[in-house]
Structures are given as C-alpha cells and as structure tokens.
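Okay, model_1.txt now, which holds compact mmCIF, C-alpha atoms:
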```txt
# COMPACT_ATOMS: atom_id res chain seq x y z
CA MET A 73 -41.80 -31.07 -9.78
CA MET A 74 -38.24 -32.33 -10.05
CA ARG A 75 -37.75 -31.45 -13.70
CA PRO A 76 -37.54 -27.64 -13.30
CA TRP A 77 -35.07 -28.06 -10.44
CA ARG A 78 -32.95 -30.41 -12.52
CA VAL A 79 -32.92 -27.89 -15.36
CA MET A 80 -32.01 -25.13 -12.93
CA VAL A 81 -29.11 -27.12 -11.48
CA LEU A 82 -27.88 -28.03 -14.95
CA VAL A 83 -27.97 -24.38 -16.06
CA ALA A 84 -26.16 -23.32 -12.87
CA VAL A 85 -23.44 -25.92 -13.49
CA LEU A 86 -22.99 -24.78 -17.08
CA VAL A 87 -22.89 -21.09 -16.18
CA ALA A 88 -20.47 -21.71 -13.28
CA GLY A 89 -18.20 -23.71 -15.58
CA VAL A 90 -18.17 -21.01 -18.26
CA ILE A 91 -17.46 -18.26 -15.72
CA SER A 92 -14.70 -20.31 -14.04
CA ALA A 93 -13.04 -20.98 -17.37
CA ALA A 94 -13.04 -17.30 -18.29
CA ALA A 95 -12.25 -15.90 -14.82
CA SER A 96 -8.91 -14.57 -13.66
CA HIS A 97 -6.95 -16.60 -11.08
CA GLU A 98 -6.08 -13.50 -9.05
CA PRO A 99 -6.64 -14.03 -5.27
CA TYR A 100 -9.42 -12.25 -3.43
CA GLU A 101 -7.25 -9.87 -1.40
CA ALA A 102 -5.25 -8.77 -4.44
CA ARG A 103 -8.41 -8.16 -6.46
CA LEU A 104 -10.00 -6.25 -3.60
CA VAL A 105 -6.93 -4.03 -3.31
CA ARG A 106 -6.98 -3.26 -7.04
CA LEU A 107 -10.66 -2.31 -6.94
CA GLU A 108 -10.01 -0.03 -3.98
CA VAL A 109 -7.10 1.57 -5.85
CA GLN A 110 -9.39 2.25 -8.81
CA ARG A 111 -11.84 3.95 -6.47
CA THR A 112 -9.37 5.86 -4.28
CA LEU A 113 -6.50 6.62 -6.67
CA PRO A 114 -7.91 6.51 -10.21
CA GLU A 115 -4.90 8.48 -11.46
CA LEU A 116 -2.53 5.67 -10.49
CA ALA A 117 -4.78 2.71 -11.36
CA PRO A 118 -3.21 2.10 -14.81
CA MET A 119 0.30 2.09 -13.35
CA LEU A 120 -0.52 -0.02 -10.29
CA ARG A 121 -2.41 -2.58 -12.38
CA GLU A 122 0.92 -4.19 -13.28
CA GLU A 123 2.40 -3.95 -9.77
CA PRO A 124 2.31 -6.57 -6.98
CA PRO A 125 -0.61 -6.29 -4.52
CA GLU A 126 1.81 -5.21 -1.77
CA VAL A 127 2.71 -2.09 -3.76
CA SER A 128 -0.95 -1.27 -4.40
CA ALA A 129 -1.77 -1.74 -0.72
CA LEU A 130 1.12 0.57 0.19
CA PHE A 131 -0.22 3.30 -2.09
CA LEU A 132 -3.63 2.92 -0.46
CA GLY A 133 -1.89 3.86 2.77
CA PHE A 134 -0.54 6.96 1.00
CA ALA A 135 -3.93 7.96 -0.43
CA SER A 136 -4.66 10.64 2.18
CA ASP A 137 -1.42 12.51 1.41
CA GLN A 138 -1.30 13.65 -2.21
CA VAL A 139 2.31 14.82 -2.08
CA LEU A 140 3.39 11.48 -0.62
CA TRP A 141 1.76 9.24 -3.25
CA MET A 142 2.82 11.55 -6.05
CA SER A 143 6.45 11.42 -4.87
CA ALA A 144 6.28 7.64 -4.48
CA SER A 145 4.77 7.14 -7.94
CA LEU A 146 7.38 9.43 -9.51
CA ALA A 147 10.11 7.46 -7.74
CA MET A 148 8.78 4.22 -9.25
CA VAL A 149 8.56 5.77 -12.72
CA ARG A 150 12.04 7.25 -12.48
CA HIS A 151 13.95 4.52 -10.62
CA GLY A 152 11.94 1.31 -11.18
CA ASP A 153 13.03 -1.67 -9.08
CA ILE A 154 15.24 0.49 -6.86
CA ALA A 155 12.25 2.55 -5.74
CA ARG A 156 9.94 -0.46 -5.61
CA SER A 157 12.17 -2.40 -3.21
CA THR A 158 12.84 0.65 -1.05
CA LEU A 159 9.15 1.51 -0.79
CA LEU A 160 8.26 -2.05 0.21
CA ASP A 161 10.93 -2.03 2.91
CA TYR A 162 10.46 1.45 4.36
CA GLY A 163 7.17 2.78 2.96
CA LEU A 164 5.34 2.54 6.29
CA SER A 165 8.11 4.31 8.20
CA PRO A 166 7.05 7.87 9.18
CA ALA A 167 10.68 9.01 8.91
CA PHE A 168 10.95 7.70 5.35
CA GLN A 169 7.63 9.30 4.42
CA ARG A 170 8.92 12.64 5.70
CA VAL A 171 12.09 12.54 3.60
CA LEU A 172 10.15 11.32 0.55
CA VAL A 173 7.75 14.25 0.81
CA ARG A 174 10.50 16.77 1.50
CA TYR A 175 13.15 15.66 -1.01
CA GLY A 176 11.06 13.97 -3.71
CA ALA A 177 11.57 10.85 -5.79
CA ASP A 178 15.39 10.79 -5.49
CA ALA A 179 15.14 10.21 -1.73
CA VAL A 180 15.05 6.48 -2.41
CA LEU A 181 18.63 6.50 -3.79
CA PRO A 182 20.69 6.97 -0.59
CA VAL A 183 18.36 4.67 1.36
CA SER A 184 18.75 1.94 -1.26
CA TYR A 185 22.53 2.40 -1.39
CA PHE A 186 22.99 2.17 2.37
CA HIS A 187 20.69 -0.87 2.44
CA ASP A 188 22.78 -2.72 -0.15
CA HIS A 189 26.32 -1.72 0.94
CA ASP A 190 28.20 -2.38 4.15
CA ILE A 191 29.97 0.98 4.60
CA ALA A 192 32.78 1.33 7.13
CA THR A 193 31.76 4.83 8.24
CA LEU A 194 28.18 3.71 8.75
CA ARG A 195 29.35 0.75 10.79
CA ALA A 196 31.47 3.11 12.89
CA ARG A 197 28.44 5.35 13.49
CA HIS A 198 26.43 2.32 14.53
CA TRP A 199 29.19 1.17 16.89
CA LEU A 200 29.42 4.62 18.49
CA GLY A 201 25.66 4.83 18.82
CA GLU A 202 25.44 1.45 20.54
CA ARG A 203 28.31 2.34 22.90
CA TYR A 204 26.61 5.63 23.71
CA ARG A 205 23.38 3.78 24.46
CA GLN A 206 25.15 1.33 26.74
CA VAL A 207 26.96 4.10 28.62
CA SER A 208 23.71 6.05 28.96
CA GLY A 209 22.05 2.96 30.42
CA TRP A 210 24.51 2.94 33.34
CA TRP A 211 22.85 6.07 34.74
CA ASP A 212 19.32 4.90 34.05
CA ASP A 213 17.72 3.83 37.33
CA GLU A 214 14.97 1.93 35.52
CA ALA A 215 17.40 -0.24 33.55
CA ASP A 216 17.64 -3.68 35.14
CA ALA A 217 20.28 -5.03 32.81
CA GLU A 218 22.78 -3.84 30.25
CA PRO A 219 21.09 -3.16 26.89
CA ALA A 220 21.81 -5.76 24.25
CA MET A 221 23.73 -4.82 21.12
CA VAL A 222 21.58 -4.35 18.02
CA GLU A 223 22.96 -6.01 14.91
CA LEU A 224 23.70 -3.80 11.90
CA THR A 225 21.47 -5.51 9.34
CA PRO A 226 20.83 -4.23 5.79
CA TYR A 227 17.45 -2.96 6.94
CA ARG A 228 19.02 -1.01 9.81
CA ARG A 229 21.61 0.44 7.44
CA GLY A 230 18.74 1.77 5.36
CA GLN A 231 17.17 3.27 8.48
CA MET A 232 20.42 5.01 9.29
CA GLY A 233 20.45 6.33 5.72
CA ILE A 234 16.97 7.80 6.31
CA ALA A 235 18.17 9.46 9.51
CA LEU A 236 21.25 10.85 7.74
CA LEU A 237 19.08 12.18 4.92
CA GLU A 238 16.84 13.90 7.47
CA THR A 239 19.94 15.49 9.01
CA HIS A 240 21.99 16.42 5.94
CA GLY A 241 19.22 16.94 3.38
CA TYR A 242 20.24 17.86 -0.14
CA GLY A 243 23.90 17.85 0.87
CA LEU A 244 23.65 14.06 1.13
CA LEU A 245 21.05 13.58 -1.61
CA ASN A 246 23.22 15.25 -4.26
CA GLN A 247 25.95 12.66 -3.70
CA PHE A 248 23.96 9.80 -5.27
CA VAL A 249 23.24 9.08 -8.92
CA VAL A 250 22.06 6.10 -10.97
CA SER A 251 24.67 4.67 -13.35
CA ASP A 252 24.10 3.50 -16.91
CA GLU A 253 23.87 -0.06 -15.56
CA GLY A 254 20.96 0.87 -13.27
CA ARG A 255 22.93 0.78 -10.00
CA VAL A 256 23.01 3.50 -7.37
CA GLU A 257 26.49 5.07 -7.12
CA TRP A 258 27.94 7.30 -4.41
CA LEU A 259 29.95 10.24 -5.81
CA GLN A 260 33.08 10.17 -3.68
CA GLY A 261 34.29 13.61 -4.79
CA GLU A 262 31.01 15.20 -3.78
CA ARG A 263 31.13 13.16 -0.58
CA VAL A 264 34.55 14.53 0.38
CA VAL A 265 33.59 18.13 -0.40
CA ALA A 266 30.34 17.85 1.56
CA GLY A 267 32.13 16.11 4.43
CA VAL A 268 34.74 18.85 4.73
CA GLY A 269 32.03 21.51 4.64
CA ASP A 270 29.99 19.71 7.31
CA PHE A 271 33.05 19.21 9.45
CA PHE A 272 33.77 22.91 9.68
CA THR A 273 30.40 24.62 9.30
CA ARG A 274 27.65 22.18 10.27
CA GLY A 275 27.02 23.78 13.65
CA LEU A 276 26.66 27.25 12.15
CA ARG A 277 24.29 26.07 9.44
CA ASP A 278 22.14 24.18 11.92
CA LEU A 279 21.92 27.25 14.13
CA GLU A 280 20.89 29.53 11.26
CA SER A 281 18.39 26.99 9.97
CA GLN A 282 16.74 26.70 13.37
CA TRP A 283 16.61 30.45 13.72
CA ARG A 284 15.07 30.96 10.27
CA ARG A 285 12.39 28.35 10.97
CA GLY A 286 11.58 29.89 14.33
CA GLU A 287 12.56 26.77 16.29
CA ALA A 288 13.83 26.82 19.84
CA ILE A 289 17.61 27.11 20.11
CA GLY A 290 19.26 25.23 22.95
CA ALA A 291 22.58 25.63 24.68
CA SER A 292 24.02 22.64 22.81
CA ASP A 293 23.20 24.27 19.45
CA LEU A 294 25.01 27.44 20.48
CA GLY A 295 27.89 25.36 21.77
CA TRP A 296 28.37 23.47 18.49
CA ALA A 297 28.16 26.71 16.50
CA GLY A 298 30.75 28.32 18.78
CA LEU A 299 32.93 25.26 18.40
CA ASP A 300 32.81 25.72 14.61
CA LEU A 301 33.95 29.29 15.01
CA LEU A 302 36.66 28.85 17.63
CA VAL A 303 38.16 25.39 17.19
CA MET A 304 37.39 24.31 13.63
CA ALA A 305 40.36 22.00 13.44
CA SER A 306 40.14 20.69 16.99
CA THR A 307 39.94 16.99 17.73
CA VAL A 308 36.87 17.78 19.83
CA LYS A 309 35.00 17.53 16.53
CA VAL A 310 35.15 13.77 16.91
CA LEU A 311 32.50 14.08 19.62
CA LYS A 312 30.03 15.16 16.93
CA ALA A 313 30.19 11.65 15.51
CA GLY A 314 28.59 10.41 18.73
CA ARG A 315 25.77 12.91 18.39
CA ALA A 316 25.21 11.95 14.72
CA ALA A 317 25.26 8.25 15.57
CA ARG A 318 22.72 8.78 18.30
CA GLY A 319 20.48 10.67 15.84
CA ALA A 320 20.87 7.95 13.25
CA ARG A 321 19.73 5.22 15.61
CA VAL A 322 16.08 4.18 15.19
CA GLY A 323 14.03 2.03 17.56
CA SER A 324 14.01 -1.66 16.76
CA ILE A 325 10.28 -2.01 17.50
CA GLU A 326 9.37 0.48 14.77
CA ALA A 327 11.82 -1.20 12.42
CA GLN A 328 10.32 -4.65 12.85
CA GLY A 329 6.76 -3.34 12.59
CA THR A 330 7.49 -1.37 9.45
CA ARG A 331 9.27 -4.22 7.71
CA SER A 332 6.62 -6.83 8.46
CA GLY A 333 3.71 -4.52 7.64
CA VAL A 334 4.12 -4.50 3.86
CA ARG A 335 6.19 -7.65 3.29
CA GLN A 336 3.62 -9.84 5.07
CA GLY A 337 0.62 -8.06 3.52
CA VAL A 338 -1.31 -4.95 4.51
CA VAL A 339 -4.72 -6.50 3.90
CA ALA A 340 -6.10 -8.73 6.66
CA SER A 341 -5.91 -12.44 5.94
CA GLY A 342 -8.53 -15.06 6.53
CA GLY A 343 -6.71 -16.47 9.56
CA ARG A 344 -7.76 -13.48 11.64
CA PHE A 345 -11.47 -14.06 11.03
CA ALA A 346 -11.75 -16.83 13.61
CA ALA A 347 -10.55 -14.51 16.38
CA LEU A 348 -13.31 -11.93 15.77
CA PRO A 349 -16.36 -11.58 18.09
CA ARG A 350 -19.71 -12.85 16.82
CA MET A 351 -21.08 -9.41 15.89
CA ALA A 352 -17.84 -8.56 14.11
CA LYS A 353 -18.10 -11.80 12.13
CA VAL A 354 -21.67 -10.97 11.10
CA ALA A 355 -20.59 -7.47 10.05
CA ALA A 356 -17.62 -8.86 8.13
CA VAL A 357 -19.78 -11.40 6.27
CA ALA A 358 -22.43 -8.79 5.49
CA GLY A 359 -19.82 -6.32 4.27
CA THR A 360 -18.19 -8.98 2.12
CA ALA A 361 -21.55 -9.94 0.61
CA TYR A 362 -22.28 -6.30 -0.21
CA VAL A 363 -18.91 -5.89 -1.91
CA LEU A 364 -19.38 -9.12 -3.87
CA VAL A 365 -22.76 -7.92 -5.14
CA ARG A 366 -21.22 -4.66 -6.32
CA HIS A 367 -18.17 -6.36 -7.86
CA PRO A 368 -19.00 -9.92 -9.06
CA SER A 369 -15.42 -10.43 -10.26
CA LEU A 370 -14.46 -10.74 -6.59
CA ILE A 371 -16.37 -14.05 -6.47
CA SER A 372 -13.80 -15.61 -8.79
CA ALA A 373 -11.01 -14.04 -6.76
CA LEU A 374 -12.48 -15.41 -3.53
CA GLY A 375 -12.75 -18.84 -5.13
CA ALA A 376 -9.08 -18.70 -6.07
CA THR A 377 -8.17 -17.80 -2.49
CA LEU A 378 -10.28 -20.62 -1.04
CA ALA A 379 -8.69 -23.07 -3.46
CA GLY A 380 -5.28 -21.94 -2.29
CA TRP A 381 -6.23 -22.47 1.35
CA LEU A 382 -7.58 -25.97 0.67
CA GLY A 383 -4.83 -26.98 -1.74
CA TRP A 384 -7.26 -27.46 -4.65
CA PRO A 385 -6.83 -26.39 -8.29
CA THR A 386 -7.87 -22.77 -8.77
CA TRP A 387 -10.59 -23.61 -11.31
CA LEU A 388 -12.21 -26.07 -8.92
CA GLY A 389 -12.51 -23.52 -6.12
CA GLN A 390 -13.94 -20.91 -8.50
CA PHE A 391 -16.39 -23.41 -10.02
CA LEU A 392 -17.72 -24.56 -6.65
CA LEU A 393 -18.08 -21.03 -5.32
CA TRP A 394 -19.92 -19.85 -8.43
CA LEU A 395 -22.18 -22.91 -8.22
CA ILE A 396 -22.96 -22.14 -4.58
CA VAL A 397 -23.79 -18.55 -5.54
CA LEU A 398 -25.81 -19.33 -8.67
CA LEU A 399 -28.05 -22.05 -7.23
CA PRO A 400 -29.74 -19.75 -4.65
CA VAL A 401 -29.95 -16.98 -7.25
CA PHE A 402 -31.70 -19.24 -9.73
CA ALA A 403 -33.97 -20.62 -6.99
CA VAL A 404 -34.99 -17.12 -5.95
CA ALA A 405 -35.46 -16.13 -9.59
CA ARG A 406 -37.71 -19.13 -10.13
CA LEU A 407 -39.82 -18.29 -7.07
CA VAL A 408 -40.05 -14.65 -8.13
CA ARG A 409 -41.16 -15.68 -11.61
CA ARG A 410 -43.74 -18.11 -10.25
CA TRP A 411 -45.23 -16.06 -7.41
CA LEU A 412 -44.72 -12.52 -8.60
CA LEU A 413 -44.17 -12.21 -12.34
CA ALA A 414 -46.75 -14.83 -13.35
CA PRO A 415 -49.62 -13.22 -11.32
CA LEU A 416 -48.63 -9.79 -12.57
CA LEU A 417 -48.68 -11.00 -16.16
CA TRP A 418 -52.04 -12.69 -15.55
CA LEU A 419 -53.44 -9.41 -14.25
CA LEU A 420 -51.88 -7.27 -16.94
CA THR A 421 -52.91 -9.46 -19.88
CA PRO A 422 -56.54 -8.17 -20.04
CA VAL A 423 -55.33 -4.60 -19.64
CA MET A 424 -52.80 -5.04 -22.43
CA ARG A 425 -55.49 -6.61 -24.68
CA ALA A 426 -57.85 -3.71 -23.98
CA CYS A 427 -55.13 -1.19 -24.75
CA LEU A 428 -54.22 -2.94 -27.99
CA GLY A 429 -57.91 -3.11 -29.01
CA LEU A 430 -58.42 0.58 -28.29
CA ALA A 431 -55.30 1.48 -30.24
CA SER A 432 -56.36 -0.62 -33.22
CA ARG A 433 -59.85 0.97 -33.24
CA ARG A 434 -58.40 4.45 -33.19
CA LEU A 435 -56.05 3.61 -36.03
CA ALA A 436 -58.96 2.21 -38.04
CA LYS A 437 -61.06 5.31 -37.37
CA ARG A 438 -58.21 7.59 -38.39
CA ALA A 439 -57.70 5.65 -41.60
CA HIS A 440 -61.45 5.86 -42.33
CA ASP A 441 -61.54 9.63 -41.72
CA THR A 442 -58.56 10.10 -43.99
CA ALA A 443 -60.22 8.10 -46.77
CA VAL A 444 -63.47 10.10 -46.48
CA ALA A 445 -61.57 13.39 -46.60
CA ARG A 446 -59.91 12.41 -49.83
```
Write out the structure in this file as structure tokens.
Amino acid sequence: MMRPWRVMVLVAVLVAGVISAAASHEPYEARLVRLEVQRTLPELAPMLREEPPEVSALFLGFASDQVLWMSASLAMVRHGDIARSTLLDYGLSPAFQRVLVRYGADAVLPVSYFHDHDIATLRARHWLGERYRQVSGWWDDEADAEPAMVELTPYRRGQMGIALLETHGYGLLNQFVVSDEGRVEWLQGERVVAGVGDFFTRGLRDLESQWRRGEAIGASDLGWAGLDLLVMASTVKVLKAGRAARGARVGSIEAQGTRSGVRQGVVASGGRFAALPRMAKVAAVAGTAYVLVRHPSLISALGATLAGWLGWPTWLGQFLLWLIVLLPVFAVARLVRRWLLAPLLWLLTPVMRACLGLASRRLAKRAHDTAVAR
C-alpha cells in the first residue's frame, strides 16, 4: 500500500523541482497585473510587458477611458522616462487626467518641468495663495485656529503646473520642448510673449471662451474683462496673481492620496487579508484558487511572493508551493484512476472486444466476397 504513495510523492517532488527551476521569479501581484493587462488592454500588452508593475496597474485604472490610456501610452512612447515618472506621480489625479485627455501626450512636459525646478514665480504664486488662504480663514466662523502653511514640495510644484495648464492651456503647453539631451526646457521667449498677452487680454479671452461654451458668466468675469479694456497697464493687475494662485492651489489630502496610490502599489497586498471578515476571506481564497486554475503560472508567482514574505530563497518558496499543489492533484488522480477509470475500463473491455470481433468478421466477409467476384 505504501509503494504507490511513495512513487506519487517522488514524482511530485521531481515535477515540482523541474517547474521551480524553469519558473519565473516574478511576484504574484506583478504577474496578476500583467495577466489582467493582457485581458483588458491587449493592444498595450507588448509595451507594458517591459514596464514596472506600478505602470501596468496605473494603465488598468485607465482602461475604461480609451482616450486617457491612448494619451498616456503615446506620452510614454514619445517622452520615455519623463512621462513614466510623471504618470507614476500624478496618474491618479483627476486634474492631471483631464489635462492629459485634453492636451495629449505633451501635457507631461510642463508638469515634469515644474516638478523638477524651483521657479521663483511659482514660489511667489504659492506664497500669495497661502496668504490668501490665511486671510480668508479669519472670516471663517468654523475655523478654530489659523491654517498651517503648506510646504512647496516638488510634488506640489507639479500640482501647480497641472492647475496652470488647466488655466492657460496650449498657451502654456507650447512653451515647453525636449532638448537633444532629453531634458525638458522652458522657452523663455515664448514665455515672455505669452505672459504679455495674458497680462493684457486674459480677461477678455476667458469671457469669450465661457460664452462660446455656454457656461455661466459671473460678475467677476465681466469685471476682469472690463479691467482689460479700461486699465490694461494698471497696477490693479497684480490682484490677478492672487486669483491665479488660489486656482493653482490643490488640496493636500488629494495630493497625498494620489502620490501614495501608485508609488505604494495599486494592487492589494497580503497584509490586508487578515483584516477581512470570514466570508470575505472565503471568497478571496475561492477567487484566488479559480484564478490559479486558469493561469498556473501564477502558482510560481505566488511562491515567489511567499518566499519574499518569509525571507526564503525564491526557488524554495516556489518548490514548496508546487509540491503542496501537486500532491493533492496526484492523490485525486490516483483515486479517480482506481475508482472510476479502472471500473469503466473493466466494463468497456468486453464491448471493445465485441466491436473488434465484429469489425474483423466484416472485413473477412468483404475480402471473401471480393475474391469470389474476381
């Protein structure tokens, strides 16, 4: 009785060792993301196969919006690491998604430039915006204390760049190019020309744009347009910097959530499993088993992830997991062969013999008839 089981265990060990030696060391979550990309975005699967799992997971979030993932993929093809870093930092931001859809692949250039450069004018906008927020808080009855100053970090500079791109559109986008050395450069001549034009005519253009789009026009919009017409060179224009700074300011809660979403992984990690209710755990295990049956390569990936959690060599985790999987499979196969296939073969053997005998008799009769006819 023990000999068949010993043979089965030996075969399982050998098969698990061969599979572990030939398997990829890619973690479970990364492999799962790549399989989902192949199913959801087959057009991008060849390109994303060489990208980090965070990028693939980000594109899965874009899958429902064709224009968005097409713009993001074109940005990566056209601008490489510049687009990749910008997408990882701001890809989950709704504001960034809007400018990417509206202005295309080049929308990553100003955001990347503002992220990497500490610009005096941007710092001034930030300072004015924070002062405006503090002054506004003095008249807020619900404010218990003076709002704290928000530091101008590289990430926040990029957010301000997104807000400026939403406000100025192609007028800002056309000021940025990629140099021969692969760096984003700000065209100062174009910047001055656009700045002078905005200084004198921004209010009028905003008013016409709102009217053409059928949007509601407020008294402040009419006021700024009238100011452009009547006092173009007035020092009152400085007040518009406060309005722009206030528009460029983005909430810190959204900023932190967006940054941590992709950088720390979009796919749920194993640490969250323990916090699930019992039924949710059962559903998660059942769903994982179903996925593993459909995609056996995930077993190796799961073994690599378990080895990483336990601090073991990758091959050891994959070998043990495959052994755990193969032993029940072989045991079930042995039981099926013994209690199902063997009785079926025992029953079918006489039928097969009868069929073979009948066929041989018919062939002999046909050969005899043919010989007589000749």
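Using only C-alpha atoms, the nearest neighbour of Gly152 of chain A within the list A:Ile396, A:Val139, A:Val105, A:Ala177 is A:Ala177.
Atom CA of Pro385 of chain A is positioned 23.2 Å from atom CA of Arg106 of chain A.
Pairwise distance (atom CA of Arg406 of chain A, atom CA of Leu374 of chain A) equals 26.3 Å.
With atom CA of Ile154 of chain A on one side and atom CA of Val249 of chain A on the other, the separation reads 11.9 Å.
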Shortest interatomic distance to Pro114 of chain A - which of A:Ser184, A:Ser128, A:Thr442, A:Ser432, counting only C-alpha atoms:
A:Ser128
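With distances restricted to all atoms listed in the file, A:Arg229 is the closest residue to Phe186 of chain A from A:Arg255, A:Arg156, A:Lys437, A:Arg229.
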Name the residues, using the chain letters and numbers of the file, that sit within 6 Å of (3.8, -2.6, 0.4) when counting all atoms listed in the file, and give them as a ChimeraX atom specification.
/A:126-127,129-130,160,334
Find the residue from A:Arg78, A:Arg111, A:Arg434, A:Arg121 that sits nearest to Phe402 of chain A; use all atoms listed in the file when measuring.
A:Arg78
Between A:Met148, A:Leu200, A:Ile191, A:Val83, which has the minimum distance to Val401 of chain A (counting only C-alpha atoms)?
A:Val83
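The smallest atom-to-atom distance between Leu388 of chain A and any of A:Ala376, A:Gln169, A:His240, A:Leu82, using all atoms listed in the file, is found for A:Ala376.
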